[in-house]
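> What follows is data-v5.txt, compact mmCIF, C-alpha atoms.
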# COMPACT_ATOMS: atom_id res chain seq x y z
CA MET K 952 29.94 104.66 152.98
CA GLN K 953 33.70 104.15 152.66
CA PHE K 954 34.99 104.19 149.05
CA ASP K 955 38.28 102.95 147.59
CA TYR K 956 38.66 106.18 145.59
CA ASP K 957 37.26 109.66 145.41
CA LEU K 958 37.10 109.38 141.63
CA ILE K 959 37.29 106.60 139.04
CA VAL K 960 37.86 107.69 135.44
CA ILE K 961 37.14 105.08 132.76
CA GLY K 962 39.12 105.94 129.63
CA ALA K 963 42.54 107.57 129.34
CA GLY K 964 41.92 109.71 126.29
CA SER K 965 42.27 113.49 126.15
CA GLY K 966 39.36 114.27 128.48
CA GLY K 967 40.00 111.38 130.85
CA VAL K 968 43.69 112.05 131.45
CA ARG K 969 43.09 115.76 132.09
CA THR K 970 40.27 115.07 134.56
CA ALA K 971 42.26 112.40 136.41
CA ARG K 972 45.48 114.40 136.59
CA LEU K 973 43.84 117.59 137.87
CA ALA K 974 41.83 115.66 140.45
CA ALA K 975 44.92 113.81 141.71
CA GLN K 976 46.94 117.04 141.83
CA SER K 977 44.23 118.61 143.99
CA GLY K 978 44.60 115.81 146.54
CA ALA K 979 41.86 113.42 145.48
CA LYS K 980 42.44 109.67 145.38
CA VAL K 981 41.99 108.81 141.71
CA ALA K 982 41.96 105.62 139.63
CA LEU K 983 42.32 105.86 135.85
CA ILE K 984 41.31 102.73 133.92
CA GLU K 985 42.47 102.10 130.35
CA GLY K 986 42.60 98.88 128.39
CA SER K 987 44.62 100.22 125.48
CA ASP K 988 47.41 102.77 124.97
CA ILE K 989 47.17 105.89 127.09
CA GLY K 990 46.25 109.05 125.21
CA GLY K 991 43.15 107.73 123.50
CA THR K 992 42.16 108.32 119.90
CA CYS K 993 43.91 111.68 119.49
CA VAL K 994 47.39 110.52 120.47
CA ASN K 995 47.30 107.02 119.02
CA VAL K 996 45.07 106.96 115.94
CA GLY K 997 43.81 110.50 115.54
CA CYS K 998 45.06 114.07 115.61
CA VAL K 999 48.73 113.43 116.30
CA PRO K 1000 49.58 110.71 113.75
CA LYS K 1001 47.27 112.35 111.22
CA LYS K 1002 49.13 115.67 111.52
CA LEU K 1003 52.47 113.86 111.18
CA TYR K 1004 51.23 112.21 107.98
CA SER K 1005 49.92 115.56 106.80
CA TYR K 1006 53.37 117.11 107.29
CA ALA K 1007 54.91 114.22 105.36
CA SER K 1008 52.48 114.65 102.49
CA TYR K 1009 53.53 118.26 101.87
CA TYR K 1010 57.19 117.54 101.17
CA GLY K 1011 56.54 116.21 97.67
CA GLU K 1012 54.72 119.43 96.86
CA TYR K 1013 57.52 121.53 98.32
CA ILE K 1014 60.06 119.76 96.12
CA GLN K 1015 58.02 120.54 93.02
CA GLU K 1016 57.45 124.15 94.07
CA ALA K 1017 61.15 124.67 94.75
CA LYS K 1018 61.92 124.47 91.02
CA GLY K 1019 60.12 127.76 90.49
CA TYR K 1020 62.52 129.34 92.94
CA GLY K 1021 65.65 128.13 91.23
CA TRP K 1022 66.29 124.91 93.10
CA SER K 1023 67.37 121.94 91.01
CA ILE K 1024 66.51 118.84 93.02
CA PRO K 1025 67.36 115.27 91.92
CA GLU K 1026 64.48 112.85 91.66
CA ALA K 1027 63.12 112.18 95.15
CA SER K 1028 61.58 108.99 96.50
CA PHE K 1029 59.20 108.35 99.38
CA ASP K 1030 59.36 105.40 101.80
CA PHE K 1031 56.05 104.89 103.59
CA GLU K 1032 57.58 102.28 105.89
CA VAL K 1033 60.05 104.82 107.27
CA LEU K 1034 57.21 107.24 107.97
CA LYS K 1035 55.24 104.53 109.78
CA GLN K 1036 58.24 103.58 111.93
CA ARG K 1037 59.02 107.19 112.83
CA ARG K 1038 55.37 107.85 113.67
CA ALA K 1039 55.22 104.76 115.90
CA GLN K 1040 58.32 105.92 117.78
CA GLU K 1041 56.82 109.34 118.39
CA ILE K 1042 53.50 107.92 119.61
CA LYS K 1043 55.34 105.60 122.00
CA ARG K 1044 57.25 108.61 123.33
CA LEU K 1045 53.99 110.49 123.91
CA ASN K 1046 52.42 107.47 125.62
CA GLY K 1047 55.34 107.53 128.05
CA ILE K 1048 54.91 111.24 128.75
CA TYR K 1049 51.19 110.83 129.45
CA ALA K 1050 51.84 107.92 131.81
CA SER K 1051 54.60 109.83 133.58
CA GLN K 1052 52.33 112.83 134.12
CA GLN K 1053 49.71 110.64 135.77
CA GLN K 1054 52.30 108.96 137.95
CA LYS K 1055 53.72 112.30 139.12
CA ALA K 1056 50.22 113.55 139.90
CA GLY K 1057 49.54 110.49 142.04
CA THR K 1058 46.92 108.85 139.84
CA HIS K 1059 46.55 105.09 140.26
CA MET K 1060 46.71 103.71 136.70
CA ILE K 1061 44.84 100.44 136.18
CA GLU K 1062 45.36 98.52 132.94
CA GLY K 1063 42.19 96.84 131.77
CA TRP K 1064 38.59 97.37 130.73
CA GLY K 1065 36.23 98.90 133.22
CA LYS K 1066 32.56 98.02 133.51
CA VAL K 1067 30.03 99.84 135.68
CA ILE K 1068 28.37 97.52 138.20
CA ASP K 1069 26.36 100.14 140.06
CA LYS K 1070 26.47 103.89 140.69
CA HIS K 1071 29.65 103.62 142.78
CA THR K 1072 31.29 100.38 141.60
CA VAL K 1073 33.45 99.48 138.61
CA GLN K 1074 34.68 96.01 137.74
CA VAL K 1075 38.00 95.71 135.92
CA ASN K 1076 38.63 92.86 133.48
CA ASP K 1077 35.62 90.93 134.84
CA ALA K 1078 37.60 90.44 138.07
CA ASP K 1079 38.49 93.12 140.58
CA LYS K 1080 35.81 95.50 141.80
CA ILE K 1081 36.65 99.02 142.98
CA THR K 1082 34.42 101.76 144.35
CA ALA K 1083 34.41 105.54 144.22
CA LYS K 1084 32.27 108.45 145.29
CA ASN K 1085 32.09 109.55 141.65
CA ILE K 1086 32.71 107.87 138.30
CA VAL K 1087 33.63 109.62 135.05
CA ILE K 1088 32.89 107.97 131.71
CA ALA K 1089 35.49 109.13 129.16
CA VAL K 1090 35.68 106.16 126.80
CA GLY K 1091 35.44 108.19 123.58
CA GLY K 1092 34.11 107.00 120.25
CA TRP K 1093 34.72 104.28 117.69
CA PRO K 1094 34.64 104.36 113.88
CA PHE K 1095 31.32 103.37 112.35
CA VAL K 1096 31.13 101.18 109.24
CA PRO K 1097 27.72 100.63 107.64
CA ASP K 1098 26.42 97.08 107.61
CA ILE K 1099 27.13 96.25 103.97
CA GLU K 1100 28.22 93.03 102.31
CA GLY K 1101 31.99 92.68 102.59
CA LYS K 1102 32.38 95.24 105.38
CA GLU K 1103 35.07 93.00 106.90
CA HIS K 1104 37.32 94.02 103.99
CA ALA K 1105 37.10 97.72 104.88
CA ILE K 1106 39.52 99.63 107.09
CA THR K 1107 38.86 102.66 109.30
CA SER K 1108 40.91 105.41 110.88
CA ASN K 1109 42.03 102.84 113.47
CA GLU K 1110 43.98 100.93 110.82
CA ILE K 1111 44.86 103.54 108.19
CA PHE K 1112 48.23 104.45 109.69
CA ASP K 1113 49.71 100.96 109.47
CA ILE K 1114 48.51 99.62 106.14
CA PRO K 1115 50.89 98.87 103.25
CA PHE K 1116 51.09 101.94 101.01
CA PRO K 1117 47.96 101.91 98.78
CA LYS K 1118 48.65 102.89 95.20
CA ARG K 1119 44.87 103.00 94.69
CA LEU K 1120 42.72 104.09 97.62
CA VAL K 1121 38.94 104.38 97.83
CA ILE K 1122 37.74 106.60 100.67
CA VAL K 1123 34.07 106.48 101.65
CA GLY K 1124 32.70 109.53 103.45
CA GLY K 1125 32.57 113.29 103.21
CA GLY K 1126 33.51 114.54 106.67
CA TYR K 1127 36.81 116.02 107.78
CA ILE K 1128 38.48 112.63 108.37
CA ALA K 1129 37.65 111.49 104.83
CA ALA K 1130 38.75 114.80 103.32
CA GLU K 1131 42.00 114.95 105.29
CA PHE K 1132 43.12 111.46 104.37
CA ALA K 1133 42.11 112.00 100.75
CA SER K 1134 44.49 114.97 100.66
CA ILE K 1135 47.23 113.16 102.56
CA PHE K 1136 47.36 110.02 100.41
CA ASN K 1137 46.84 111.95 97.18
CA SER K 1138 49.89 114.07 97.98
CA LEU K 1139 51.90 110.98 99.00
CA GLY K 1140 51.26 109.51 95.54
CA SER K 1141 48.11 107.40 95.81
CA ASP K 1142 45.36 107.42 93.22
CA VAL K 1143 42.53 108.53 95.53
CA LYS K 1144 38.83 108.27 94.79
CA LEU K 1145 36.50 109.80 97.37
CA VAL K 1146 32.98 108.36 97.35
CA TYR K 1147 30.36 110.42 99.17
CA ARG K 1148 26.58 110.10 99.20
CA GLY K 1149 26.15 113.89 99.46
CA GLN K 1150 26.78 116.41 96.72
CA LYS K 1151 29.51 118.35 98.55
CA ILE K 1152 31.97 117.34 101.27
CA LEU K 1153 32.27 118.83 104.79
CA ARG K 1154 28.60 119.21 105.65
CA GLY K 1155 28.14 121.75 108.43
CA PHE K 1156 31.00 124.00 107.31
CA ASP K 1157 30.51 127.32 105.54
CA GLU K 1158 29.23 126.76 101.98
CA ASP K 1159 31.91 128.90 100.35
CA LEU K 1160 34.61 127.02 102.24
CA ARG K 1161 33.11 123.68 101.19
CA SER K 1162 33.07 124.68 97.52
CA PHE K 1163 36.57 126.11 97.73
CA VAL K 1164 38.23 123.04 99.24
CA SER K 1165 36.33 120.69 96.92
CA GLU K 1166 37.62 122.56 93.88
CA GLU K 1167 41.19 122.77 95.18
CA MET K 1168 41.32 119.07 96.13
CA GLN K 1169 39.99 118.03 92.73
CA LYS K 1170 42.48 120.34 91.06
CA SER K 1171 45.28 118.55 92.93
CA GLY K 1172 44.13 115.14 91.72
CA VAL K 1173 41.55 113.73 94.17
CA ASP K 1174 38.72 112.12 92.18
CA PHE K 1175 35.36 113.01 93.74
CA LEU K 1176 32.44 110.61 93.22
CA CYS K 1177 29.66 112.51 94.97
CA GLY K 1178 26.02 111.48 95.03
CA ASN K 1179 27.14 107.87 95.26
CA ASN K 1180 27.97 105.22 97.84
CA VAL K 1181 29.66 101.85 98.24
CA LYS K 1182 27.07 99.08 98.59
CA LYS K 1183 29.40 96.06 98.59
CA ILE K 1184 33.09 95.15 98.82
CA THR K 1185 34.58 92.00 97.32
CA LYS K 1186 38.13 90.66 97.41
CA GLN K 1187 39.94 89.39 94.35
CA GLY K 1188 43.44 88.16 95.10
CA ASP K 1189 45.33 91.04 96.71
CA GLU K 1190 42.87 93.57 95.33
CA PHE K 1191 39.51 94.83 96.50
CA ILE K 1192 36.53 95.85 94.43
CA ALA K 1193 34.23 98.60 95.69
CA HIS K 1194 30.80 98.15 94.11
CA LEU K 1195 28.92 101.44 93.90
CA GLU K 1196 25.20 102.12 94.07
CA SER K 1197 25.49 103.67 90.59
CA GLY K 1198 26.40 100.25 89.22
CA ASP K 1199 30.06 101.14 88.68
CA SER K 1200 32.90 99.37 90.46
CA ILE K 1201 36.41 100.42 91.46
CA VAL K 1202 39.39 98.10 91.75
CA CYS K 1203 41.74 99.26 94.49
CA ASP K 1204 44.28 98.30 97.13
CA GLN K 1205 42.22 99.48 100.13
CA VAL K 1206 38.70 100.65 100.91
CA PHE K 1207 38.76 103.12 103.79
CA PHE K 1208 35.48 104.01 105.52
CA ALA K 1209 35.36 107.41 107.21
CA THR K 1210 31.63 107.45 107.76
CA GLY K 1211 31.44 108.80 111.29
CA ARG K 1212 32.07 107.65 114.82
CA LYS K 1213 29.82 106.37 117.58
CA PRO K 1214 30.26 106.55 121.37
CA ARG K 1215 31.78 103.37 122.91
CA THR K 1216 29.04 102.85 125.45
CA GLN K 1217 28.23 99.26 124.52
CA ASN K 1218 29.20 96.63 127.08
CA LEU K 1219 30.12 99.35 129.55
CA GLY K 1220 27.45 98.35 132.05
CA LEU K 1221 25.83 101.77 132.22
CA GLU K 1222 22.41 100.13 132.24
CA ASN K 1223 23.34 98.56 135.60
CA ALA K 1224 23.35 102.01 137.14
CA GLY K 1225 20.39 103.32 135.13
CA VAL K 1226 22.40 105.87 133.15
CA GLU K 1227 20.37 107.51 130.39
CA LEU K 1228 21.68 107.29 126.82
CA ASP K 1229 20.36 109.08 123.75
CA LYS K 1230 19.39 107.32 120.50
CA ASN K 1231 23.02 107.40 119.31
CA GLY K 1232 24.32 105.77 122.49
CA SER K 1233 25.78 108.98 123.91
CA VAL K 1234 25.56 109.63 127.64
CA VAL K 1235 23.03 112.37 128.38
CA VAL K 1236 24.57 114.97 130.70
CA ASP K 1237 23.76 118.43 132.08
CA GLN K 1238 25.91 121.58 132.04
CA ASN K 1239 28.14 120.06 134.75
CA PHE K 1240 28.58 116.80 132.77
CA GLN K 1241 26.48 114.95 135.32
CA SER K 1242 24.27 112.13 134.05
CA ASN K 1243 20.84 111.37 135.44
CA VAL K 1244 22.69 109.28 138.07
CA ASP K 1245 24.18 111.80 140.51
CA SER K 1246 27.51 109.99 140.97
CA ILE K 1247 28.21 109.31 137.29
CA TYR K 1248 29.61 111.93 134.91
CA ALA K 1249 30.70 111.82 131.26
CA LEU K 1250 32.65 113.99 128.84
CA GLY K 1251 34.45 114.02 125.50
CA ASP K 1252 33.32 112.04 122.48
CA VAL K 1253 31.00 109.89 124.57
CA ILE K 1254 28.57 112.81 124.94
CA SER K 1255 26.69 114.50 122.08
CA ARG K 1256 28.43 117.83 121.99
CA VAL K 1257 31.53 118.96 120.09
CA GLN K 1258 33.87 116.08 119.34
CA LEU K 1259 37.27 117.78 119.37
CA THR K 1260 40.30 117.05 121.52
CA PRO K 1261 40.69 120.57 122.98
CA VAL K 1262 36.98 120.54 123.82
CA ALA K 1263 37.31 117.27 125.76
CA ILE K 1264 40.33 118.68 127.61
CA ASN K 1265 38.44 121.82 128.59
CA GLU K 1266 35.43 119.75 129.63
CA GLY K 1267 37.81 117.89 131.95
CA VAL K 1268 38.98 121.20 133.45
CA VAL K 1269 35.39 122.32 134.02
CA LEU K 1270 34.38 118.97 135.52
CA HIS K 1271 37.36 119.03 137.88
CA ASN K 1272 36.34 122.50 139.00
CA HIS K 1273 32.79 121.27 139.62
CA LEU K 1274 33.87 118.21 141.65
CA PHE K 1275 36.92 119.54 143.49
CA GLY K 1276 36.95 123.31 143.02
CA ASP K 1277 34.71 126.30 143.61
CA LYS K 1278 32.25 125.38 140.83
CA SER K 1279 32.89 128.71 139.12
CA ARG K 1280 33.78 127.42 135.66
CA GLN K 1281 31.32 126.68 132.87
CA MET K 1282 31.94 125.22 129.43
CA SER K 1283 31.16 127.47 126.48
CA TYR K 1284 30.67 125.87 123.06
CA GLU K 1285 30.41 129.17 121.19
CA TYR K 1286 33.29 130.40 119.02
CA ILE K 1287 35.32 127.19 119.15
CA PRO K 1288 38.07 127.40 116.51
CA THR K 1289 38.87 124.30 114.51
CA ALA K 1290 41.04 123.29 111.58
CA VAL K 1291 40.75 120.72 108.81
CA PHE K 1292 44.12 119.49 107.57
CA THR K 1293 43.20 119.07 103.95
CA HIS K 1294 45.25 120.46 101.06
CA PRO K 1295 44.63 123.35 101.27
CA GLU K 1296 44.23 123.60 105.03
CA LEU K 1297 41.03 125.07 106.47
CA GLY K 1298 40.41 127.08 109.62
CA THR K 1299 37.06 128.19 110.96
CA VAL K 1300 35.61 129.88 114.03
CA GLY K 1301 32.12 131.12 114.79
CA TYR K 1302 29.06 131.05 112.58
CA THR K 1303 28.82 130.02 108.95
CA GLU K 1304 27.17 132.54 106.66
CA GLU K 1305 24.00 130.42 106.66
CA GLN K 1306 23.92 130.20 110.46
CA ALA K 1307 24.66 133.91 110.85
CA ARG K 1308 21.82 134.91 108.53
CA GLU K 1309 19.47 132.79 110.63
CA LYS K 1310 20.66 134.12 114.01
CA PHE K 1311 21.60 137.74 113.34
CA LYS K 1312 19.39 138.40 110.29
CA ASP K 1313 21.30 141.44 108.98
CA ILE K 1314 24.94 140.65 108.25
CA ASP K 1315 27.84 141.83 106.13
CA VAL K 1316 30.04 139.31 104.36
CA TYR K 1317 33.62 140.12 103.34
CA LYS K 1318 35.36 137.69 101.06
CA SER K 1319 38.69 137.42 99.27
CA ASN K 1320 39.83 134.65 96.89
CA PHE K 1321 43.41 135.11 95.71
CA LYS K 1322 46.63 133.43 94.64
CA PRO K 1323 49.11 133.56 97.56
CA MET K 1324 52.39 135.32 96.88
CA LYS K 1325 54.31 132.05 97.28
CA HIS K 1326 52.62 130.58 94.24
CA THR K 1327 53.39 133.46 91.90
CA LEU K 1328 56.71 131.65 91.33
CA SER K 1329 55.97 128.08 92.45
CA GLY K 1330 54.26 127.10 89.22
CA HIS K 1331 51.30 125.66 91.11
CA ASP K 1332 47.77 126.88 90.58
CA VAL K 1333 46.85 127.19 94.26
CA ARG K 1334 44.46 129.71 95.75
CA SER K 1335 43.41 130.92 99.19
CA LEU K 1336 39.99 131.95 100.50
CA MET K 1337 39.27 134.28 103.40
CA LYS K 1338 35.83 135.19 104.63
CA ILE K 1339 34.64 137.44 107.46
CA ILE K 1340 31.03 137.54 108.67
CA VAL K 1341 29.85 140.57 110.64
CA ASP K 1342 26.67 141.21 112.60
CA LYS K 1343 25.68 144.65 111.27
CA ALA K 1344 23.78 145.65 114.41
CA SER K 1345 26.81 145.30 116.72
CA ASP K 1346 29.66 145.34 114.15
CA ARG K 1347 30.93 142.20 115.89
CA VAL K 1348 32.81 139.64 113.82
CA VAL K 1349 30.75 136.48 114.29
CA GLY K 1350 32.40 134.19 111.77
CA LEU K 1351 35.83 133.74 110.22
CA HIS K 1352 36.62 131.09 107.61
CA LEU K 1353 40.01 130.47 106.06
CA GLY K 1354 41.21 128.20 103.27
CA GLY K 1355 44.91 128.11 102.47
CA ALA K 1356 48.37 127.39 103.82
CA ASP K 1357 48.80 127.71 107.59
CA SER K 1358 45.12 128.47 108.18
CA ALA K 1359 45.20 126.79 111.61
CA GLU K 1360 48.21 128.79 112.79
CA MET K 1361 46.69 131.99 111.44
CA LEU K 1362 43.29 131.36 112.98
CA GLN K 1363 44.29 130.85 116.61
CA GLY K 1364 45.10 134.50 117.33
CA PHE K 1365 42.03 135.78 115.53
CA ALA K 1366 39.93 133.26 117.48
CA VAL K 1367 41.02 134.91 120.75
CA ALA K 1368 39.87 138.28 119.46
CA ILE K 1369 36.57 136.95 118.13
CA LYS K 1370 35.85 135.03 121.33
CA HIS K 1371 36.21 138.29 123.23
CA GLY K 1372 33.96 140.34 120.97
CA ALA K 1373 36.23 141.91 118.34
CA THR K 1374 34.40 144.14 115.88
CA LYS K 1375 35.05 144.76 112.21
CA ALA K 1376 36.28 148.22 113.24
CA ASP K 1377 38.87 146.50 115.47
CA PHE K 1378 40.02 144.44 112.49
CA ASP K 1379 40.16 147.54 110.27
CA SER K 1380 42.22 149.54 112.77
CA THR K 1381 44.84 146.78 113.08
CA ILE K 1382 47.95 147.14 110.95
CA GLY K 1383 48.57 144.20 108.63
CA ILE K 1384 51.83 142.27 108.36
CA HIS K 1385 53.20 142.77 104.86
CA PRO K 1386 53.67 140.77 102.77
CA SER K 1387 51.57 137.97 104.24
CA SER K 1388 48.31 136.24 103.52
CA ALA K 1389 47.11 137.11 107.02
CA GLU K 1390 47.07 140.83 106.26
CA GLU K 1391 44.10 140.20 103.98
CA LEU K 1392 41.99 139.75 107.12
CA VAL K 1393 42.59 143.34 108.24
CA THR K 1394 42.43 145.00 104.83
CA MET K 1395 39.06 143.82 103.48
CA ARG K 1396 36.89 146.92 103.37
CA THR K 1397 34.00 146.27 101.00
CA PRO K 1398 31.28 143.73 101.82
CA GLU K 1399 29.64 141.66 99.10
Mind turning the file's structure into structure tokens?

Amino acid sequence: MQFDYDLIVIGAGSGGVRTARLAAQSGAKVALIEGSDIGGTCVNVGCVPKKLYSYASYYGEYIQEAKGYGWSIPEASFDFEVLKQRRAQEIKRLNGIYASQQQKAGTHMIEGWGKVIDKHTVQVNDADKITAKNIVIAVGGWPFVPDIEGKEHAITSNEIFDIPFPKRLVIVGGGYIAAEFASIFNSLGSDVKLVYRGQKILRGFDEDLRSFVSEEMQKSGVDFLCGNNVKKITKQGDEFIAHLESGDSIVCDQVFFATGRKPRTQNLGLENAGVELDKNGSVVVDQNFQSNVDSIYALGDVISRVQLTPVAINEGVVLHNHLFGDKSRQMSYEYIPTAVFTHPELGTVGYTEEQAREKFKDIDVYKSNFKPMKHTLSGHDVRSLMKIIVDKASDRVVGLHLGGADSAEMLQGFAVAIKHGATKADFDSTIGIHPSSAEELVTMRTPE
């Protein structure tokens, strides 16, 4: 059978653009279909704008801290509109770079929404039909809002970057998106109330890290309403009222739901080709990202694995190798480092203490909770937490959890070592950089 393309990729997010570009660079004829801005969630309404807003939110703290170091700074003011405009300019610049990279690689970019017609055919915008030997589904996820009364009044992470500045913000959820935006808007000057049905935010992270960041965020002014939930939202003039299950209500300027994301597999036509989905709507794939239909593959947030941008990118590299290379590469999901850009920032790689006790049985835990040197003069009561988990049988470091300034930057190098089997003895024999917070990781000698 003669096909129009060797490969059709539906979705130009992090995983889709990497798969398409590598395939085109290797000589394949590739079509990349996207109905919105290139770059997907991460570039447009995720990691990139969120990190820019996180940077912005620190400057107010820096100004206050500077007084402890002798700086006399006139009263500062913050203009949210300027930040929004500058962010939009940067995202537009990145969109251009992504599009240029595809063009240089030889990818055929098609603007529109793709729908699978059969195992080799995709229809674009309910009009043109194109065929390919293989199809990759990389459409990502979409914010989920529970079906409550007044849900049309809520916003999600898709809208949060362009709202008028909320003096009073209610955030619903306890995952990393909820926690990050609670920190960001609190530090920008909003009165933030975080409503979460659980008793402690960041489920799935190490328990000590969860407790640490909860305490630090509350200390900085975020109001936690745990063990509760929003059951209804009403509008009163320009204000919104979040009605809680406890019977209380909160008057605010915005209600922001960060209650998870779901794969965007609806109305994609996958049923036409018989592609298997799990109960959450994710595409079921094997170790090569192949679905139960041999010509259809999927990766990124549309599959039920690890929903992180660098993971989707690496999945794209592995899939390219499987389709157009020597099939030597495999995707490993063990020891993936990740950061949470709360205040304070978190960084984590490997097993939590709870997971390590289950898997390795006999472990050593090293922990240090301290005031960083910077804050001995800043006047701020800010602390850092560092935690190392070691498998006693092998002496291998199997978990590392950081809470404090620059945790993400600090973690990356340690993640390389841990991924490649570093032991506690390796940590102990490494000279620390003094004075720095990072040296704590190579000077902890006594387990709990």
> How far is it from CA of Gly990 in chain K to CA of Ala963 in chain K, in Å with one decimal?
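If I compute the distance from CA of Gly990 in chain K to CA of Ala963 in chain K, I get 5.7 Å.
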> Suppose you want the space between CA of Asn1179 in chain K and CA of Cys993 in chain K; what is it in Å?
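About the pair CA of Asn1179 in chain K and CA of Cys993 in chain K: they are 29.7 Å apart.
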> Could you tell me which of K:Leu958, K:Lys1102, K:Thr1394, K:Gly1126 comes closest to Ile1184 in chain K if we count all atoms listed in the file?
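Among K:Leu958, K:Lys1102, K:Thr1394, K:Gly1126, it is K:Lys1102 that comes nearest to Ile1184 in chain K.
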> Taking a cut-off of 10 Å and counting all atoms listed in the file, can you build a table that, for each residue of range 985-1078 of chain K near range 1090-1098 of chain K, reports the nearest atom pair and how far apart they are in Å (one decimal), sorted by chain then residue number, as a tab-separated table?

residue	atom	partner	partner_atom	distance
K:Glu985	CA	K:Val1090	CA	8.7
K:Gly991	CA	K:Gly1091	CA	7.7
K:Thr992	CA	K:Gly1091	CA	7.7
K:Gly1065	CA	K:Val1090	CA	9.7
> Could you name the residues that touch Asn1085 in chain K at 9 Å or less, counting all atoms listed in the file, but leaving out those on the same chain fewer than 2 positions away, as number ranges by chain?
K: 956-960, 1070-1071, 1082-1083, 1087, 1245-1248, 1274
> Residues at most 8 Å from range 1223-1238 of chain K, counting all atoms listed in the file, excluding those fewer than 2 positions away in the same chain, as a PyMOL selection string?
chain K and resi 1067-1070+1213-1217+1220-1221+1240-1244+1247-1249+1253-1255+1281-1282
> With a distance cut-off of 10 Å and all atoms listed in the file, select the neighbouring residues of Phe1292 in chain K, excluding the residue or stretch itself and same-chain residues fewer than 4 positions from it, and output the selection as JSON, numbers by chain.
{"K": [998, 1001, 1002, 1005, 1006, 1127, 1128, 1130, 1131, 1132, 1134, 1135, 1296, 1297, 1298, 1356, 1357, 1358, 1359]}
> How would the residues just chosen look if you wrote them out with C-alpha atoms as an mmCIF file, keeping the file's coordinate frame?

data_model
loop_
_atom_site.group_PDB
_atom_site.id
_atom_site.type_symbol
_atom_site.label_atom_id
_atom_site.label_comp_id
_atom_site.auth_asym_id
_atom_site.auth_seq_id
_atom_site.Cartn_x
_atom_site.Cartn_y
_atom_site.Cartn_z
ATOM 1 C CA CYS K 998 45.060 114.070 115.610
ATOM 2 C CA LYS K 1001 47.270 112.350 111.220
ATOM 3 C CA LYS K 1002 49.130 115.670 111.520
ATOM 4 C CA SER K 1005 49.920 115.560 106.800
ATOM 5 C CA TYR K 1006 53.370 117.110 107.290
ATOM 6 C CA TYR K 1127 36.810 116.020 107.780
ATOM 7 C CA ILE K 1128 38.480 112.630 108.370
ATOM 8 C CA ALA K 1130 38.750 114.800 103.320
ATOM 9 C CA GLU K 1131 42.000 114.950 105.290
ATOM 10 C CA PHE K 1132 43.120 111.460 104.370
ATOM 11 C CA SER K 1134 44.490 114.970 100.660
ATOM 12 C CA ILE K 1135 47.230 113.160 102.560
ATOM 13 C CA GLU K 1296 44.230 123.600 105.030
ATOM 14 C CA LEU K 1297 41.030 125.070 106.470
ATOM 15 C CA GLY K 1298 40.410 127.080 109.620
ATOM 16 C CA ALA K 1356 48.370 127.390 103.820
ATOM 17 C CA ASP K 1357 48.800 127.710 107.590
ATOM 18 C CA SER K 1358 45.120 128.470 108.180
ATOM 19 C CA ALA K 1359 45.200 126.790 111.610
#
> Mind pulling up the distance from CA of Gly966 in chain K to CA of Lys1066 in chain K?
18.3 Å
> Let me make sure I understand: among K:Gly1372, K:Pro1295, K:Gly1364, K:Pro1288, which one has the smallest atom-to-atom distance to Val1349 in chain K if we use all atoms listed in the file?
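Answer, going by the shortest atom-to-atom distance: K:Gly1372.
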> Just want the 7 Å neighbourhood of His1271 in chain K, counted on only C-alpha atoms, with same-chain residues fewer than 4 positions away dropped. Output as a list in words.
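Final neighbour list, sorted by chain and number: Thr970, Leu973, Ala974, Gly1267, Phe1275 and Gly1276 of chain K.
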> What box, with edges along x, y and z, holds each listed atom of range 1229-1243 of chain K when 6 Å is added on every side, and can you state its centre and edge lengths in Å to one decimal, as AutoDock Vina command-line options?

--center_x 24.0 --center_y 113.7 --center_z 127.4 --size_x 21.2 --size_y 27.8 --size_z 28.1
> Using only C-alpha atoms, which of K:Asp1157, K:Glu1166, K:His1194, K:Ser1028 sits nearest Glu1100 in chain K?
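Nearest to Glu1100 in chain K: K:His1194.
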> I'd like to know which of K:Val994, K:Pro1398, K:Gln976, K:Ala1017 is closest to Ile1048 in chain K, using all atoms listed in the file.
K:Val994
> Do a neighbour search on Arg1119 in chain K at 12 Å with only C-alpha atoms, toss out local chain neighbours closer than 3 positions, and write the hits as a short mmCIF file (atom, residue, chain, number, x, y, z; two decimals) with C-alpha atoms, in the coordinates of the input.

data_model
loop_
_atom_site.label_atom_id
_atom_site.label_comp_id
_atom_site.auth_asym_id
_atom_site.auth_seq_id
_atom_site.Cartn_x
_atom_site.Cartn_y
_atom_site.Cartn_z
CA PRO K 1115 50.89 98.87 103.25
CA PHE K 1116 51.09 101.94 101.01
CA ILE K 1122 37.74 106.60 100.67
CA ALA K 1133 42.11 112.00 100.75
CA PHE K 1136 47.36 110.02 100.41
CA ASN K 1137 46.84 111.95 97.18
CA LEU K 1139 51.90 110.98 99.00
CA GLY K 1140 51.26 109.51 95.54
CA SER K 1141 48.11 107.40 95.81
CA ASP K 1142 45.36 107.42 93.22
CA VAL K 1143 42.53 108.53 95.53
CA LYS K 1144 38.83 108.27 94.79
CA LEU K 1145 36.50 109.80 97.37
CA VAL K 1173 41.55 113.73 94.17
CA ASP K 1174 38.72 112.12 92.18
CA GLU K 1190 42.87 93.57 95.33
CA PHE K 1191 39.51 94.83 96.50
CA ILE K 1192 36.53 95.85 94.43
CA ALA K 1193 34.23 98.60 95.69
CA ILE K 1201 36.41 100.42 91.46
CA VAL K 1202 39.39 98.10 91.75
CA CYS K 1203 41.74 99.26 94.49
CA ASP K 1204 44.28 98.30 97.13
CA GLN K 1205 42.22 99.48 100.13
CA VAL K 1206 38.70 100.65 100.91
CA PHE K 1207 38.76 103.12 103.79
#
